[in-house]
Amino acid sequence: MLERILVNGLVTSGTYAVLAVGFSLIFGVAKIFNMAHTALYMITAFLIFVGTNQLGFPYALSAVVSVGATIGFGLICYALLFDRVKVHQTAVMIISLAVAMLGQEILLLTLSGHYRGIAPFVTGSIDILGVAVLYQHLFTVLGCLATLFGLWALLTKTNLGKAIRAVAQDSETANLMGINVSRVCLITMGISAGLAAVAAVVAAPLEPLHPGMWMLPLTMILAAVVLGGLGSIKGSVFGAIILGFAETIVVTAVPGGSFLRGAVSLAAMVLVLIARPEGLFGVVFEEERL
Amino acid sequence: MIDYIRWVYQWFKGEILAIPGRVIAVVFFTFLLLLPLITTSPSTLRFLIMACIFAIFAASWDLLAVTGQVSLGHALFFGSAGYTAALINIHFGLPAWITIPLGGLSAVVVGLLAGIPALRLRGFYLSLVTLAYPVILTGIIFVFPDFFGGEMGLIGISRLSGSRVGDYYTVVLIMAFSGFIMWKLSDAGSKVLRTGVVFHAIREDEIAARNSGINTVRYKLMAYAFSGFFGGVAGGLYIHFIRIAGPSSLEVFFSVQALLWAVFGGMGTIYGAIVGVFILFPLTEYLRIYEWGEALRFVIVSLVLIFILLFMPEGISVWVLDKIEIRCRRCKVVNIATRRNCRTCRAPLRLEREK
């Protein structure tokens, strides 16, 4: 039981962490509340499915192509839709939601609503301290860790990362310092879409694929991002880990727990936010406190 | 008597006929009231009843949004009032005209319980906490399937009234009445109620409102209570109309739909929410008639949403009113856009140079 919880919890929270970080990044930099974020994840997963199961390409090739296609799609959405109505935050929210619905309906029309699965990228299992761990699980966890580490290196060690952080902190001053804010926002959208796509690459073989699969992860990553504190990357990772483990423990340990999987995690989020309204790692300026 | 009629006529001419937005509203409600004279087909009435119920629901979401609190879990009020009304109706056998207000009051209690923790939160933190409430309530409902009916819901609820036309008039009148009250509550220009201007002040700048001596906590809770009550009335009407109270009324997507309708119509205006429902809901339902529409309707609806909001990001009703109405700069009276001079103070409405 305990090892099940540990392995599944790591897999779930790793996927949520990569998704939540992408959401948090574009929200922090461009102030876009992208409800279509998990729809990008779903689109990548289905593109991989089409590539491997219907066209017969190897997994790696179809994964690379799908990641590229998803990033392109994300950039097109940003340039044509979100960027134009950026000042009206609720309008951006609704437009991104409509994009997600559009993606769901197009998948429903072209591939129908059956549950589908992708064959695991790697088969077999390994013994770690007497626990048999599937290679696929290991691949997912390591892939998530590598992605998060890569993002951390990008944000802290490169000039682009410095520019992204500067825009997130204060876009007007960043503009005055000679940073091309709109280009940085565009690049950030690309990175964010890329993170959603990578999450699908590492986790898609573990999930049943269907056109409604974007809804539950969306709720969970929203909760994770808010739990950790909006705009804090570190916070999003911790929020995702907390919610991922809470969900796994409820599903595996409580009888009939799959009904409660959303409820318990979200109740945990509500309790944390009541105790600490700015989230675990969020920053509140003194004058904004009420 | 003649004087009285003349007074009513003058009032009607000055307050309704001179303002295009109000003319549209009056024509629309007259049309709704006269519709059963033209057709009494059950399917048309059924779908208008649903539209009216959803209009109350979306408008109650908008009432909360006027104070700047974007709720992502408005189905909480709808669903909890629906379950309360259904349980009272089934266990005590009380008729609909008692259970619906009781359901609304239970939603007020739920709204205050939900609102008190939310007072510390703002912006997206608040939205996310409100998103969590209905999900938690759904979890509770699934844990006690014997009492709440589990996934199938509660059945055996009595009818709203004897006939379909009776249902229709009940719902239309309640919609018109509650829509009017909500509009008055949120109307910043009202001379009778203070709430509207305070709600707008809280949305614009909560700290400034506090510094001006407004008890923002009281007004925010008041917004929760009113919003909860009307959302609850919509929930009660809904379960008495479809006669089943199930967990689908608590779904995340249903909460999001309130936001979708209200933002499409024009956020923070109340009438915008009603306009949004009466455009988007018929669009979704009428597409079902055609064979191609059944499959494509959500594609079409999402495309409509994307394109309308891309060009009218403040909502369709705000955009239209901006085209047909113009506010006098000097005396702030609303005029029809074709006029050159203000109808009360004669000041020029536009500031172009005379040729």
# chains A, B, ... in the order shown; residues from 1 in each chain; ligands from 1

$ residues_around --residues "Leu195 of chain A" --least-positions-apart "5" --cutoff "7 Å" --atoms "only C-alpha atoms" --output "count of residues only"
3

$ closest_atom_pairs --of "chain B" --to "chain A" --cutoff "7 Å" --atoms "only C-alpha atoms" --output "JSON lines"
{"residue": "B:Pro117", "atom": "CA", "partner": "A:Ile274", "partner_atom": "CA", "distance": 6.2}
{"residue": "B:Arg120", "atom": "CA", "partner": "A:Pro277", "partner_atom": "CA", "distance": 6.4}
{"residue": "B:Leu121", "atom": "CA", "partner": "A:Pro277", "partner_atom": "CA", "distance": 5.7}
{"residue": "B:Tyr125", "atom": "CA", "partner": "A:Val226", "partner_atom": "CA", "distance": 6.0}
{"residue": "B:Leu128", "atom": "CA", "partner": "A:Ala223", "partner_atom": "CA", "distance": 6.5}
{"residue": "B:Val129", "atom": "CA", "partner": "A:Val270", "partner_atom": "CA", "distance": 5.8}
{"residue": "B:Ala132", "atom": "CA", "partner": "A:Leu266", "partner_atom": "CA", "distance": 5.4}
{"residue": "B:Val135", "atom": "CA", "partner": "A:Ala263", "partner_atom": "CA", "distance": 5.4}
{"residue": "B:Ile136", "atom": "CA", "partner": "A:Ala263", "partner_atom": "CA", "distance": 4.3}
{"residue": "B:Gly139", "atom": "CA", "partner": "A:Leu260", "partner_atom": "CA", "distance": 5.1}
{"residue": "B:Phe142", "atom": "CA", "partner": "A:Phe259", "partner_atom": "CA", "distance": 6.8}
{"residue": "B:Leu260", "atom": "CA", "partner": "A:Ile94", "partner_atom": "CA", "distance": 6.2}
{"residue": "B:Val263", "atom": "CA", "partner": "A:Ala91", "partner_atom": "CA", "distance": 6.9}
{"residue": "B:Phe298", "atom": "CA", "partner": "A:Glu105", "partner_atom": "CA", "distance": 6.6}
{"residue": "B:Val299", "atom": "CA", "partner": "A:Leu102", "partner_atom": "CA", "distance": 5.4}
{"residue": "B:Ser302", "atom": "CA", "partner": "A:Ala98", "partner_atom": "CA", "distance": 4.8}
{"residue": "B:Leu305", "atom": "CA", "partner": "A:Ala98", "partner_atom": "CA", "distance": 6.6}
{"residue": "B:Ile306", "atom": "CA", "partner": "A:Ile95", "partner_atom": "CA", "distance": 5.2}
{"residue": "B:Leu309", "atom": "CA", "partner": "A:Ala91", "partner_atom": "CA", "distance": 6.3}
{"residue": "B:Leu310", "atom": "CA", "partner": "A:Val85", "partner_atom": "CA", "distance": 6.5}
{"residue": "B:Pro313", "atom": "CA", "partner": "A:Ala91", "partner_atom": "CA", "distance": 5.7}

$ select_by_dssp --residues "segment 132-245 of chain B" --states "alpha helix (DSSP H)" --output "ChimeraX atom specification"
/B:132-143,145-148,164-186,195-204,206-211,216-242

$ closest_residue --among "A:Ile32, A:Leu10, A:Leu155, A:Ile128" --to "Cys185 of chain A" --atoms "only C-alpha atoms"
A:Ile32

$ select_by_dssp --residues "segment 1-236 of chain A" --states "strand (DSSP E or B)" --output "MDAnalysis selection string"
chainID A and resid 116 125:128 131:134 209

$ write_last_selection --atoms "N, CA and C atoms" --output "mmCIF file, in the first residue's frame"
data_model
loop_
_atom_site.group_PDB
_atom_site.id
_atom_site.type_symbol
_atom_site.label_atom_id
_atom_site.label_comp_id
_atom_site.auth_asym_id
_atom_site.auth_seq_id
_atom_site.Cartn_x
_atom_site.Cartn_y
_atom_site.Cartn_z
ATOM 1 N N ARG A 116 -9.085 5.661 -24.918
ATOM 2 C CA ARG A 116 -8.000 5.037 -25.645
ATOM 3 C C ARG A 116 -6.753 5.058 -24.790
ATOM 4 N N SER A 125 10.139 -3.735 -15.666
ATOM 5 C CA SER A 125 10.178 -3.072 -14.372
ATOM 6 C C SER A 125 11.517 -3.314 -13.704
ATOM 7 N N ILE A 126 11.761 -2.543 -12.679
ATOM 8 C CA ILE A 126 13.045 -2.616 -11.984
ATOM 9 C C ILE A 126 12.751 -2.725 -10.493
ATOM 10 N N ASP A 127 13.662 -3.398 -9.770
ATOM 11 C CA ASP A 127 13.501 -3.538 -8.327
ATOM 12 C C ASP A 127 14.246 -2.424 -7.607
ATOM 13 N N ILE A 128 13.501 -1.555 -6.931
ATOM 14 C CA ILE A 128 14.166 -0.537 -6.120
ATOM 15 C C ILE A 128 13.809 -0.796 -4.670
ATOM 16 N N VAL A 131 10.885 -3.023 -4.142
ATOM 17 C CA VAL A 131 9.604 -2.637 -4.725
ATOM 18 C C VAL A 131 9.743 -2.666 -6.243
ATOM 19 N N ALA A 132 8.830 -3.374 -6.903
ATOM 20 C CA ALA A 132 8.895 -3.419 -8.362
ATOM 21 C C ALA A 132 8.311 -2.129 -8.926
ATOM 22 N N VAL A 133 9.140 -1.381 -9.651
ATOM 23 C CA VAL A 133 8.691 -0.119 -10.230
ATOM 24 C C VAL A 133 8.728 -0.257 -11.745
ATOM 25 N N LEU A 134 7.615 0.033 -12.387
ATOM 26 C CA LEU A 134 7.584 -0.023 -13.843
ATOM 27 C C LEU A 134 8.546 1.007 -14.410
ATOM 28 N N LEU A 209 -6.940 8.079 -22.521
ATOM 29 C CA LEU A 209 -7.153 9.299 -23.290
ATOM 30 C C LEU A 209 -8.615 9.410 -23.697
#

$ residues_around --residues "Glu325 of chain B" --least-positions-apart "3" --cutoff "9 Å" --atoms "only C-alpha atoms" --output "number ranges by chain"
B: 19-21, 320-322, 334-338

$ write_last_selection --atoms "C-alpha atoms" --output "PDB file, in the first residue's frame"
ATOM      1  CA  ILE B  19     -33.514  55.541 -23.674  1.00  0.00           C
ATOM      2  CA  PRO B  20     -32.953  52.885 -26.363  1.00  0.00           C
ATOM      3  CA  GLY B  21     -31.634  50.234 -23.957  1.00  0.00           C
ATOM      4  CA  VAL B 320     -24.277  47.548 -28.545  1.00  0.00           C
ATOM      5  CA  LEU B 321     -25.311  50.113 -25.918  1.00  0.00           C
ATOM      6  CA  ASP B 322     -22.153  52.050 -26.676  1.00  0.00           C
ATOM      7  CA  VAL B 334     -28.556  59.027 -21.345  1.00  0.00           C
ATOM      8  CA  ASN B 335     -29.611  59.975 -24.887  1.00  0.00           C
ATOM      9  CA  ILE B 336     -30.207  58.062 -28.091  1.00  0.00           C
ATOM     10  CA  ALA B 337     -27.072  58.188 -30.222  1.00  0.00           C
ATOM     11  CA  THR B 338     -28.819  59.925 -33.153  1.00  0.00           C
TER      12      THR B 338
END
